[in-house]
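Raw contents of entry_39.txt, compact mmCIF, C-alpha atoms and all ligand atoms:
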# COMPACT_ATOMS: atom_id res chain seq x y z
CA MET Y 1 52.65 35.65 -126.48
CA SER Y 2 56.06 35.39 -124.91
CA ALA Y 3 58.13 32.28 -125.60
CA TYR Y 4 57.27 29.16 -123.65
CA PRO Y 5 59.75 28.88 -120.73
CA ALA Y 6 61.24 25.58 -121.97
CA LYS Y 7 64.79 26.58 -121.11
CA GLN Y 8 63.80 27.33 -117.50
CA HIS Y 9 62.10 23.93 -117.36
CA LEU Y 10 65.30 22.27 -118.63
CA ALA Y 11 67.36 24.09 -115.99
CA ARG Y 12 64.93 23.18 -113.19
CA THR Y 13 64.85 19.55 -114.31
CA ALA Y 14 68.67 19.46 -114.44
CA ALA Y 15 68.79 20.89 -110.91
CA ASN Y 16 66.40 18.16 -109.70
CA LEU Y 17 68.63 15.59 -111.40
CA GLY Y 18 71.50 16.66 -109.15
CA ALA Y 19 74.20 16.00 -111.81
CA ALA Y 20 76.90 18.65 -112.37
CA ALA Y 21 77.61 17.51 -115.94
CA GLY Y 22 76.26 15.34 -118.72
CA VAL Y 23 73.71 15.76 -121.49
CA ILE Y 24 69.93 15.37 -121.32
CA TYR Y 25 68.54 14.01 -124.59
CA LEU Y 26 64.79 14.03 -125.31
CA ARG Y 27 62.84 12.74 -128.24
CA GLY Y 28 59.46 14.20 -129.20
CA GLY Y 29 56.49 12.28 -130.56
CA GLU Y 30 56.08 11.13 -134.17
CA THR Y 31 52.93 11.04 -136.28
CA LEU Y 32 51.14 7.68 -136.35
CA VAL Y 33 48.91 6.42 -139.16
CA HIS Y 34 45.88 4.15 -138.86
CA PRO Y 35 46.74 0.53 -139.78
CA ASP Y 36 46.85 -0.09 -143.56
CA SER Y 37 45.95 3.53 -144.23
CA ASP Y 38 47.60 6.89 -144.75
CA THR Y 39 45.19 8.64 -142.37
CA GLU Y 40 47.04 10.06 -139.39
CA TYR Y 41 45.89 9.87 -135.79
CA ASP Y 42 45.47 13.29 -134.19
CA PHE Y 43 48.95 14.20 -132.97
CA HIS Y 44 49.44 14.62 -129.20
CA GLN Y 45 52.92 15.63 -128.14
CA ASP Y 46 54.73 13.61 -125.48
CA SER Y 47 53.97 15.65 -122.32
CA ASN Y 48 57.49 15.56 -120.89
CA PHE Y 49 58.95 16.56 -124.25
CA PHE Y 50 56.53 19.45 -124.53
CA TYR Y 51 57.41 20.65 -121.02
CA LEU Y 52 61.12 20.67 -121.85
CA SER Y 53 60.89 22.07 -125.39
CA GLY Y 54 57.60 23.93 -125.87
CA VAL Y 55 57.28 22.10 -129.20
CA ARG Y 56 53.85 20.71 -130.09
CA GLU Y 57 54.80 19.49 -133.61
CA PRO Y 58 55.94 15.94 -134.43
CA GLY Y 59 59.46 14.84 -135.34
CA PHE Y 60 61.56 17.02 -133.01
CA ALA Y 61 64.25 16.14 -130.46
CA ALA Y 62 66.08 18.28 -127.91
CA ALA Y 63 69.18 18.22 -125.75
CA TYR Y 64 70.52 20.14 -122.78
CA ASP Y 65 74.19 20.35 -121.84
CA ILE Y 66 74.02 20.48 -118.05
CA GLY Y 67 77.51 21.89 -117.51
CA SER Y 68 77.15 24.91 -119.80
CA GLY Y 69 73.35 25.29 -119.65
CA THR Y 70 73.07 25.12 -123.45
CA ALA Y 71 69.64 24.19 -124.85
CA ILE Y 72 69.74 22.54 -128.28
CA LEU Y 73 66.74 21.91 -130.52
CA PHE Y 74 66.71 19.26 -133.28
CA ALA Y 75 64.12 19.84 -136.01
CA PRO Y 76 62.89 17.38 -138.63
CA HIS Y 77 64.22 18.15 -142.09
CA VAL Y 78 61.35 18.82 -144.53
CA SER Y 79 62.27 18.03 -148.15
CA ALA Y 80 61.03 20.15 -151.05
CA ASP Y 81 58.65 17.33 -152.05
CA GLU Y 82 57.17 17.11 -148.52
CA ALA Y 83 56.87 20.89 -148.29
CA VAL Y 84 54.36 20.76 -151.17
CA TRP Y 85 52.00 18.92 -148.78
CA VAL Y 86 52.77 20.47 -145.42
CA GLY Y 87 53.95 23.95 -146.37
CA ALA Y 88 57.41 25.45 -146.20
CA PRO Y 89 58.96 24.90 -142.74
CA PRO Y 90 60.46 27.72 -140.67
CA SER Y 91 64.24 28.06 -140.88
CA LEU Y 92 66.44 26.66 -138.10
CA ASP Y 93 67.08 30.19 -136.93
CA GLU Y 94 63.36 30.95 -136.75
CA LEU Y 95 62.76 27.74 -134.79
CA ARG Y 96 65.59 28.52 -132.38
CA ALA Y 97 64.12 31.96 -131.68
CA THR Y 98 60.51 30.73 -131.49
CA TYR Y 99 61.30 28.12 -128.85
CA GLY Y 100 63.95 30.15 -127.00
CA PHE Y 101 66.77 27.64 -127.54
CA ASP Y 102 70.50 28.45 -127.79
CA GLN Y 103 71.07 26.29 -130.88
CA ALA Y 104 68.95 24.59 -133.55
CA HIS Y 105 70.07 21.79 -135.88
CA TYR Y 106 68.40 19.20 -138.07
CA ALA Y 107 67.55 15.94 -136.32
CA HIS Y 108 69.83 13.94 -138.61
CA ASP Y 109 72.78 15.90 -137.17
CA ALA Y 110 71.93 15.08 -133.53
CA ALA Y 111 74.59 12.38 -133.06
CA ALA Y 112 77.36 14.60 -134.43
CA VAL Y 113 76.30 17.61 -132.36
CA LEU Y 114 76.12 15.59 -129.14
CA ALA Y 115 79.35 13.66 -129.82
CA ALA Y 116 81.19 16.98 -130.01
CA LEU Y 117 80.10 17.71 -126.42
CA ARG Y 118 81.83 14.46 -125.27
CA PRO Y 119 79.33 13.83 -122.42
CA ALA Y 120 80.31 11.37 -119.71
CA THR Y 121 76.63 10.56 -119.16
CA VAL Y 122 73.55 10.87 -121.40
CA PHE Y 123 70.28 11.13 -119.45
CA THR Y 124 67.10 10.05 -121.28
CA LEU Y 125 63.51 9.17 -120.41
CA PRO Y 126 62.80 5.44 -120.21
CA HIS Y 127 60.26 5.54 -123.05
CA HIS Y 128 62.31 7.68 -125.45
CA ARG Y 129 64.08 6.03 -128.40
CA VAL Y 130 67.83 6.63 -128.51
CA ASP Y 131 68.67 4.81 -131.78
CA ALA Y 132 69.89 8.11 -133.29
CA LEU Y 133 72.56 8.31 -130.58
CA ALA Y 134 74.18 4.86 -130.95
CA ASP Y 135 77.63 6.36 -131.62
CA VAL Y 136 77.41 8.79 -128.69
CA LEU Y 137 76.27 6.08 -126.27
CA ARG Y 138 79.24 3.86 -127.13
CA ALA Y 139 81.49 6.49 -125.46
CA ALA Y 140 79.14 7.61 -122.64
CA ALA Y 141 77.20 6.10 -119.75
CA HIS Y 142 73.45 5.93 -120.45
CA ASP Y 143 71.10 6.75 -117.55
CA ALA Y 144 67.44 6.16 -118.45
CA GLU Y 145 66.15 6.19 -114.84
CA ARG Y 146 66.92 9.41 -113.01
CA LEU Y 147 65.52 11.89 -115.54
CA LEU Y 148 61.86 10.85 -115.26
CA PRO Y 149 61.40 11.62 -111.53
CA ALA Y 150 63.39 14.85 -112.03
CA VAL Y 151 61.08 16.13 -114.78
CA HIS Y 152 57.95 14.94 -112.94
CA GLU Y 153 58.95 16.91 -109.84
CA ALA Y 154 59.68 19.99 -111.94
CA ARG Y 155 56.24 19.74 -113.61
CA VAL Y 156 54.48 19.76 -110.23
CA PHE Y 157 55.42 23.43 -109.63
CA LYS Y 158 53.85 25.75 -112.21
CA ASP Y 159 55.58 28.97 -113.19
CA ASP Y 160 53.71 32.19 -113.93
CA ALA Y 161 53.52 31.49 -117.68
CA GLU Y 162 51.96 28.08 -117.09
CA ILE Y 163 49.46 29.45 -114.56
CA GLU Y 164 48.35 32.12 -117.01
CA ILE Y 165 47.79 29.55 -119.79
CA MET Y 166 45.77 27.42 -117.35
CA ARG Y 167 43.76 30.47 -116.30
CA ARG Y 168 42.88 31.18 -119.96
CA ALA Y 169 42.01 27.50 -120.56
CA ASN Y 170 39.69 27.74 -117.55
CA ARG Y 171 38.16 31.01 -118.76
CA ILE Y 172 37.34 29.53 -122.18
CA SER Y 173 35.98 26.29 -120.71
CA ALA Y 174 33.94 28.06 -118.01
CA ASP Y 175 32.38 30.31 -120.65
CA ALA Y 176 31.40 27.20 -122.62
CA HIS Y 177 29.84 25.65 -119.49
CA VAL Y 178 27.77 28.81 -118.99
CA ALA Y 179 26.68 28.77 -122.64
CA LEU Y 180 25.35 25.21 -122.12
CA MET Y 181 23.46 26.30 -119.02
CA ARG Y 182 21.89 29.13 -121.01
CA GLU Y 183 20.97 27.06 -124.08
CA ILE Y 184 20.18 23.43 -123.29
CA ARG Y 185 16.55 22.43 -122.78
CA ALA Y 186 14.81 19.18 -121.85
CA GLY Y 187 14.75 16.76 -124.77
CA ALA Y 188 18.21 17.76 -126.00
CA SER Y 189 20.65 14.88 -126.35
CA GLU Y 190 23.70 14.47 -124.15
CA ALA Y 191 25.55 14.36 -127.49
CA ALA Y 192 24.39 17.90 -128.26
CA VAL Y 193 25.79 19.03 -124.90
CA ARG Y 194 29.19 17.56 -125.64
CA GLY Y 195 29.18 18.72 -129.26
CA ARG Y 196 28.32 22.29 -128.32
CA PHE Y 197 31.02 22.34 -125.64
CA VAL Y 198 33.70 21.09 -128.03
CA GLY Y 199 32.61 23.52 -130.74
CA LEU Y 200 32.81 26.47 -128.36
CA VAL Y 201 36.23 25.69 -126.90
CA LEU Y 202 37.78 24.95 -130.31
CA ALA Y 203 36.36 28.19 -131.69
CA ALA Y 204 37.93 30.02 -128.73
CA GLY Y 205 41.40 28.65 -129.47
CA CYS Y 206 41.69 25.30 -127.71
CA SER Y 207 43.42 22.47 -129.60
CA TYR Y 208 41.08 19.74 -128.38
CA GLU Y 209 39.17 18.44 -125.36
CA ALA Y 210 41.61 17.83 -122.51
CA TYR Y 211 39.88 14.44 -121.98
CA GLY Y 212 36.74 12.67 -123.18
CA SER Y 213 33.91 14.97 -122.07
CA ILE Y 214 31.14 13.56 -119.87
CA ALA Y 215 27.58 14.78 -120.43
CA ALA Y 216 25.48 12.57 -118.15
CA GLY Y 217 21.76 13.08 -117.56
CA GLY Y 218 19.99 11.66 -114.50
CA ARG Y 219 21.07 8.16 -113.54
CA ASN Y 220 23.89 8.22 -116.11
CA ALA Y 221 25.81 10.49 -113.74
CA ALA Y 222 26.15 7.49 -111.43
CA VAL Y 223 28.64 6.06 -113.96
CA LEU Y 224 31.82 7.89 -112.99
CA HIS Y 225 33.44 7.81 -116.43
CA TYR Y 226 30.27 7.82 -118.53
CA THR Y 227 31.31 8.41 -122.14
CA LYS Y 228 28.32 7.23 -124.22
CA ASN Y 229 26.82 10.73 -124.09
CA ASN Y 230 23.90 9.72 -126.32
CA GLN Y 231 20.68 9.87 -124.27
CA PRO Y 232 17.96 12.55 -124.22
CA LEU Y 233 17.81 14.80 -121.16
CA ALA Y 234 14.67 14.70 -119.00
CA ALA Y 235 13.26 17.81 -117.28
CA ALA Y 236 13.17 16.28 -113.79
CA ASP Y 237 16.83 15.22 -113.99
CA LEU Y 238 20.16 16.83 -113.33
CA VAL Y 239 22.82 16.87 -116.01
CA LEU Y 240 26.45 16.46 -114.99
CA VAL Y 241 28.88 18.05 -117.45
CA ASP Y 242 32.58 17.25 -116.90
CA ALA Y 243 34.43 18.95 -119.73
CA GLY Y 244 37.52 21.07 -120.29
CA GLY Y 245 39.47 22.37 -123.22
CA SER Y 246 43.21 21.93 -123.76
CA LEU Y 247 44.82 25.29 -124.56
CA ASP Y 248 48.44 25.76 -125.70
CA GLY Y 249 49.36 22.40 -124.20
CA TYR Y 250 47.58 22.79 -120.82
CA ALA Y 251 44.43 21.05 -119.58
CA SER Y 252 41.41 22.44 -117.81
CA ASP Y 253 39.04 20.08 -115.99
CA ILE Y 254 35.72 21.56 -114.91
CA THR Y 255 32.51 19.88 -113.75
CA ARG Y 256 29.17 21.57 -113.27
CA THR Y 257 25.88 19.84 -112.44
CA TRP Y 258 22.57 21.65 -112.98
CA PRO Y 259 18.87 20.93 -113.44
CA VAL Y 260 17.69 20.09 -116.95
CA GLY Y 261 14.42 21.85 -116.05
CA PRO Y 262 14.24 25.43 -114.75
CA ALA Y 263 14.79 24.48 -111.07
CA PHE Y 264 16.20 21.75 -108.79
CA THR Y 265 13.79 19.15 -107.45
CA PRO Y 266 13.92 18.95 -103.61
CA GLU Y 267 15.98 15.73 -103.72
CA CYS Y 268 18.43 17.10 -106.29
CA ARG Y 269 18.76 20.35 -104.37
CA ALA Y 270 19.50 18.56 -101.08
CA ILE Y 271 22.30 16.43 -102.56
CA TYR Y 272 23.67 19.35 -104.58
CA GLN Y 273 23.85 21.52 -101.44
CA ILE Y 274 25.92 18.89 -99.62
CA VAL Y 275 28.41 18.67 -102.51
CA LEU Y 276 28.62 22.46 -102.61
CA ASP Y 277 29.29 22.47 -98.85
CA MET Y 278 32.00 19.83 -99.35
CA GLN Y 279 33.72 21.94 -101.99
CA ARG Y 280 33.41 25.15 -99.98
CA ALA Y 281 34.96 23.50 -96.92
CA VAL Y 282 37.85 22.04 -98.91
CA LEU Y 283 38.56 25.26 -100.80
CA ALA Y 284 38.64 27.18 -97.52
CA ALA Y 285 41.26 24.73 -96.26
CA CYS Y 286 43.47 24.63 -99.39
CA ALA Y 287 46.70 26.36 -98.35
CA PRO Y 288 50.43 25.68 -98.20
CA HIS Y 289 51.68 22.90 -95.91
CA ARG Y 290 48.30 21.19 -95.61
CA GLN Y 291 48.18 17.53 -96.63
CA TRP Y 292 46.15 16.67 -99.74
CA ARG Y 293 44.72 13.54 -98.13
CA ASP Y 294 43.31 15.69 -95.30
CA MET Y 295 41.31 17.62 -97.95
CA HIS Y 296 39.78 14.29 -98.97
CA LEU Y 297 38.96 13.40 -95.38
CA LEU Y 298 37.47 16.87 -94.79
CA ALA Y 299 35.17 16.44 -97.81
CA ASN Y 300 34.14 13.04 -96.46
CA ARG Y 301 33.32 14.51 -93.05
CA VAL Y 302 31.18 17.30 -94.51
CA ALA Y 303 29.42 14.68 -96.65
CA ALA Y 304 28.81 12.48 -93.62
CA GLU Y 305 27.25 15.38 -91.73
CA GLY Y 306 25.04 16.28 -94.69
CA LEU Y 307 23.93 12.70 -95.37
CA LEU Y 308 23.15 12.30 -91.64
CA ARG Y 309 20.89 15.39 -91.81
CA LEU Y 310 18.98 13.85 -94.74
CA GLY Y 311 18.64 10.52 -92.94
CA ILE Y 312 20.57 8.67 -95.67
CA LEU Y 313 23.19 7.88 -93.03
CA ARG Y 314 22.59 7.15 -89.34
CA GLY Y 315 24.85 6.80 -86.34
CA ASP Y 316 27.92 8.64 -85.15
CA VAL Y 317 29.93 10.81 -87.56
CA ASP Y 318 33.30 9.61 -86.19
CA GLN Y 319 32.28 5.98 -86.58
CA ILE Y 320 31.04 6.74 -90.09
CA MET Y 321 34.48 8.18 -90.86
CA ASP Y 322 36.29 5.23 -89.24
CA HIS Y 323 34.32 2.80 -91.40
CA HIS Y 324 34.81 4.80 -94.63
CA VAL Y 325 31.05 4.80 -95.21
CA VAL Y 326 31.14 7.93 -97.36
CA ALA Y 327 33.24 6.03 -99.93
CA CYS Y 328 29.96 4.26 -100.84
CA PHE Y 329 28.71 7.65 -102.09
CA MET Y 330 31.99 9.28 -103.21
CA PRO Y 331 34.02 6.42 -104.69
CA HIS Y 332 36.79 8.68 -105.99
CA GLY Y 333 39.42 11.03 -104.64
CA ILE Y 334 38.83 14.71 -103.87
CA GLY Y 335 40.98 15.71 -106.85
CA HIS Y 336 44.29 15.43 -108.64
CA LEU Y 337 47.22 17.46 -109.86
CA ILE Y 338 46.53 19.16 -113.21
CA GLY Y 339 48.80 20.76 -115.79
CA ILE Y 340 49.95 19.55 -119.19
CA ASP Y 341 48.05 16.35 -118.45
CA THR Y 342 44.56 16.37 -116.96
CA HIS Y 343 45.70 13.83 -114.37
CA ASP Y 344 49.13 15.37 -114.06
CA VAL Y 345 52.32 13.68 -112.88
CA GLY Y 346 53.81 13.86 -109.39
CA GLY Y 347 50.85 12.92 -107.19
CA TYR Y 348 52.91 10.30 -105.37
CA PRO Y 349 56.52 11.50 -105.08
CA PRO Y 350 59.14 8.76 -104.61
CA GLY Y 351 58.57 7.16 -101.22
CA ALA Y 352 54.91 8.18 -100.81
CA ALA Y 353 52.81 5.08 -100.25
CA ARG Y 354 49.29 4.59 -101.59
CA SER Y 355 46.70 3.77 -98.90
CA ASP Y 356 44.61 0.63 -99.42
CA LYS Y 357 41.75 1.93 -97.24
CA PRO Y 358 38.40 2.08 -99.09
CA GLY Y 359 38.11 5.82 -98.62
CA LEU Y 360 41.66 6.64 -99.69
CA ARG Y 361 42.80 4.13 -102.28
CA TYR Y 362 41.51 6.16 -105.22
CA LEU Y 363 43.36 9.32 -104.17
CA ARG Y 364 45.46 10.42 -107.16
CA ALA Y 365 47.78 12.49 -104.98
CA SER Y 366 49.13 12.20 -101.45
CA ARG Y 367 51.55 14.96 -100.56
CA GLU Y 368 52.00 18.28 -98.82
CA MET Y 369 50.39 21.19 -100.69
CA LEU Y 370 52.97 23.80 -101.67
CA PRO Y 371 52.84 27.08 -103.59
CA ARG Y 372 52.53 26.70 -107.38
CA MET Y 373 50.97 23.24 -107.23
CA ALA Y 374 47.76 23.03 -109.30
CA PHE Y 375 44.93 20.74 -108.18
CA THR Y 376 41.36 19.99 -109.09
CA VAL Y 377 38.89 20.14 -106.18
CA GLU Y 378 36.04 17.87 -107.23
CA PRO Y 379 33.79 16.51 -104.49
CA GLY Y 380 30.85 14.42 -105.62
CA LEU Y 381 28.03 12.22 -104.32
CA TYR Y 382 26.56 9.39 -106.39
CA PHE Y 383 23.96 6.67 -106.03
CA VAL Y 384 25.72 3.71 -107.65
CA ASP Y 385 23.49 0.61 -107.49
CA ALA Y 386 26.36 -1.89 -107.47
CA ILE Y 387 28.20 -0.16 -104.62
CA LEU Y 388 25.01 0.21 -102.55
CA ALA Y 389 24.09 -3.45 -103.11
CA ASP Y 390 27.50 -4.47 -101.79
CA ALA Y 391 27.11 -2.15 -98.80
CA LYS Y 392 23.68 -3.63 -98.04
CA SER Y 393 25.21 -7.10 -97.74
CA ASP Y 394 28.08 -5.88 -95.55
CA PRO Y 395 26.83 -5.53 -91.95
CA ALA Y 396 29.78 -3.25 -91.03
CA LEU Y 397 28.50 -0.67 -93.57
CA ALA Y 398 24.78 -1.47 -93.74
CA ARG Y 399 24.14 -0.39 -90.15
CA PHE Y 400 25.09 3.19 -91.07
CA ILE Y 401 22.87 3.44 -94.18
CA ASP Y 402 19.07 3.77 -94.37
CA PHE Y 403 18.36 2.09 -97.70
CA ASP Y 404 14.71 3.24 -97.75
CA VAL Y 405 15.89 6.86 -97.68
CA VAL Y 406 18.56 6.04 -100.27
CA ALA Y 407 15.80 4.81 -102.58
CA ALA Y 408 14.12 8.22 -102.42
CA TYR Y 409 17.31 9.88 -103.71
CA ARG Y 410 18.33 7.26 -106.29
CA SER Y 411 16.94 9.30 -109.21
CA VAL Y 412 19.39 12.12 -108.42
CA GLY Y 413 22.04 9.91 -110.08
CA GLY Y 414 25.12 11.89 -109.19
CA VAL Y 415 26.41 15.38 -108.48
CA ARG Y 416 29.99 16.64 -108.91
CA ILE Y 417 31.38 20.17 -108.73
CA GLU Y 418 34.96 20.63 -109.94
CA ASP Y 419 37.23 23.67 -109.94
CA ASN Y 420 40.94 24.05 -110.74
CA ILE Y 421 43.12 25.84 -108.19
CA VAL Y 422 46.75 26.87 -107.75
CA ILE Y 423 48.24 26.92 -104.25
CA THR Y 424 49.69 30.36 -103.37
CA GLU Y 425 51.87 31.61 -100.51
CA SER Y 426 48.78 32.48 -98.46
CA GLY Y 427 46.06 30.11 -99.70
CA HIS Y 428 44.94 29.36 -103.20
CA ASP Y 429 43.95 31.00 -106.47
CA ASN Y 430 40.76 29.54 -107.99
CA LEU Y 431 41.21 29.52 -111.79
CA THR Y 432 37.61 28.40 -112.39
CA VAL Y 433 35.19 31.32 -112.47
CA CYS Y 434 31.89 29.63 -113.28
CA PRO Y 435 28.49 29.74 -111.51
CA LYS Y 436 27.76 27.01 -108.96
CA GLU Y 437 25.50 28.56 -106.30
CA ILE Y 438 21.96 27.14 -106.44
CA ALA Y 439 20.31 30.55 -106.87
CA ASP Y 440 22.66 31.48 -109.73
CA LEU Y 441 22.13 28.17 -111.53
CA GLU Y 442 18.35 28.40 -111.18
CA ALA Y 443 18.33 31.98 -112.51
CA ILE Y 444 20.29 30.91 -115.59
CA ARG Y 445 18.19 27.78 -116.11
CA ALA Y 446 14.90 29.64 -115.73
CA ALA Y 447 16.07 32.10 -118.40
CA ALA Y 448 16.81 29.20 -120.75
CA TYR Y 449 13.06 28.45 -120.83
CA GLN Y 450 11.89 32.01 -121.46
MN MN T 1 39.09 15.93 -112.65
Could you write out this file's structure as structure tokens?
Amino acid sequence: MSAYPAKQHLARTAANLGAAAGVIYLRGGETLVHPDSDTEYDFHQDSNFFYLSGVREPGFAAAYDIGSGTAILFAPHVSADEAVWVGAPPSLDELRATYGFDQAHYAHDAAAVLAALRPATVFTLPHHRVDALADVLRAAAHDAERLLPAVHEARVFKDDAEIEIMRRANRISADAHVALMREIRAGASEAAVRGRFVGLVLAAGCSYEAYGSIAAGGRNAAVLHYTKNNQPLAAADLVLVDAGGSLDGYASDITRTWPVGPAFTPECRAIYQIVLDMQRAVLAACAPHRQWRDMHLLANRVAAEGLLRLGILRGDVDQIMDHHVVACFMPHGIGHLIGIDTHDVGGYPPGAARSDKPGLRYLRASREMLPRMAFTVEPGLYFVDAILADAKSDPALARFIDFDVVAAYRSVGGVRIEDNIVITESGHDNLTVCPKEIADLEAIRAAAYQ
């Protein structure tokens, strides 16, 4: 694999910063131990540090001299005693080459190396410790504000190397989703679904789950962030599986919903078809210069039309939209930026205001779609008792909802379909290649029972 493009990310971030000179200093994450124990927590690198260094090991720091474009890596020094436990570390020269930096030094030399550059300004992230630089900062201005929005804006636009990692993360995770569809039968535990998924993606090279997987049978899918994952699956139910592996520092975030038995019940099929229509409509509209919030409103309109056909909603589609009635059934946004983090940074650039309208307040992004942005597209419909009870007591909403028809669909629980896309010059590139058509899912599920 070619080197991670950390130096390009440093240069892009420096350009966003708009400073002609100065030094960027970044501190990577450290290992943490459980209280009163020597057991370490699983190490997760600081996402901004990873983006600007490519390093996924603890104890590193990095710097970038904006004027000369020099990228400097600071590695932890491993003593001979420590090396007995953790293995012999690579040399500074090997580290410099591995990460594509211009220089590599030990972390304890950072202050001396940076002092020699005599920076007028040192730019750091607000949450990064700078105690190692006390001497440097006595002679320089310290700006801990401007770097964060500069790196966030750089992270929004994925380069080819990042897109290819995300495509592989999606390939591995989609294959694991298909394996579950082929293998799981009624009576299996939600825990077995999650366990099998994690086992498959780790075996295929992922470091860990990108987020806590959701394996929700039947009514459990009406809990948006269901994490208990410990109930048996019933044949008449759907199972919603929201799971993605993290590969080489990048998340995937895929949801598939399919019948636990060999086929959809009529109620499950009807709701599933609407969600599929919502996703199809949004994907067809995902292209440069469209507004992300309009994708959310489009999904809501397709949902309104589908729920009207089933008799769950009644009245006029424009009035249903004006009153945000669909938010009772899709109480989340149509998707979010994705990258190093599952819910990636940059959804609300400086100046973008968050709407407080019921249908829009959960949107995790509100900006113009541009090439190289990566989004999830994840429409869903859910029958959440608490939300529907509130709607029933609110005359402005209740007049649009037929609660007797709702009762007939309550057992569906919830349906979500989620793909990961990258905006291109002409439209989008769907990174998630994983079955979702009803006929394809039923063919796979029927085979699972043969
Ligand atoms: Mn998601």
### CA of Ala110 (chain Y) to CA of Ala14 (chain Y), straight-line distance in Å
19.9 Å
### Message
Give me the residues near region 317-333 of chain Y as a PyMOL selection string, where near means some atom within 8 Å (using only C-alpha atoms) and where sequence neighbours in that chain fewer than 4 positions away do not count.
### Response
chain Y and resi 296+300-301+303-305+357-360+362-364+379-384+387-388+391+396-397+400
### Task
Pick out the residues sitting within 12 Å of Ala174 (chain Y), and hand them over as a count of residues only; count all atoms listed in the file, and ignore anything fewer than 2 positions along from it in its own chain.
36
### Message
Report, in Å to a single decimal, how far apart CA of Thr13 (chain Y) and CA of Arg155 (chain Y) are.
### Response
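Result for CA of Arg155 (chain Y) versus CA of Thr13 (chain Y): 8.6 Å, one decimal.
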### Query
Do you have the CA of Leu313 (chain Y)-CA of Arg293 (chain Y) distance handy?
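Separation of CA of Leu313 (chain Y) and CA of Arg293 (chain Y): 22.8 Å.
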### Message
Ranking Y:Gly335, Y:Gly261, Y:Pro119, Y:Gly100 by minimum distance to ligand MN 1 (chain T) and counting all atoms listed in the file, which one comes first?
### Response
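Answer, going by the shortest atom-to-atom distance: Y:Gly335.
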### Message
Can you tell me which residues surround Ile423 (chain Y) at a distance of at most 8 Å, considering all atoms listed in the file, apart from same-chain residues fewer than 2 positions away, and format the answer as a PyMOL selection string?
### Response
chain Y and resi 286-288+369-374+421+425+427-429
### Query
Counting only C-alpha atoms, what is within 6 Å of region 186-188 of chain Y, bar same-chain residues fewer than 5 positions away, as a list in words?
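Contacts, in chain order: Pro232, Leu233, Ala234, Ala235 and Val260 of chain Y.
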Please identify all polymer residues within 8 Å of Leu32 (chain Y), counting only C-alpha atoms, omitting same-chain residues fewer than 5 positions from it, and present them as a compact mmCIF listing (two decimals) with C-alpha atoms, keeping the file's coordinate frame.
# COMPACT_ATOMS: atom_id res chain seq x y z
CA GLU Y 40 47.04 10.06 -139.39
CA TYR Y 41 45.89 9.87 -135.79
CA PHE Y 43 48.95 14.20 -132.97
#### Entry: Ref. answer, residues at most 9 Å from (72.6, 4.0, -116.8) with all atoms listed in the file, as a PyMOL selection string
chain Y and resi 121-123+141-146
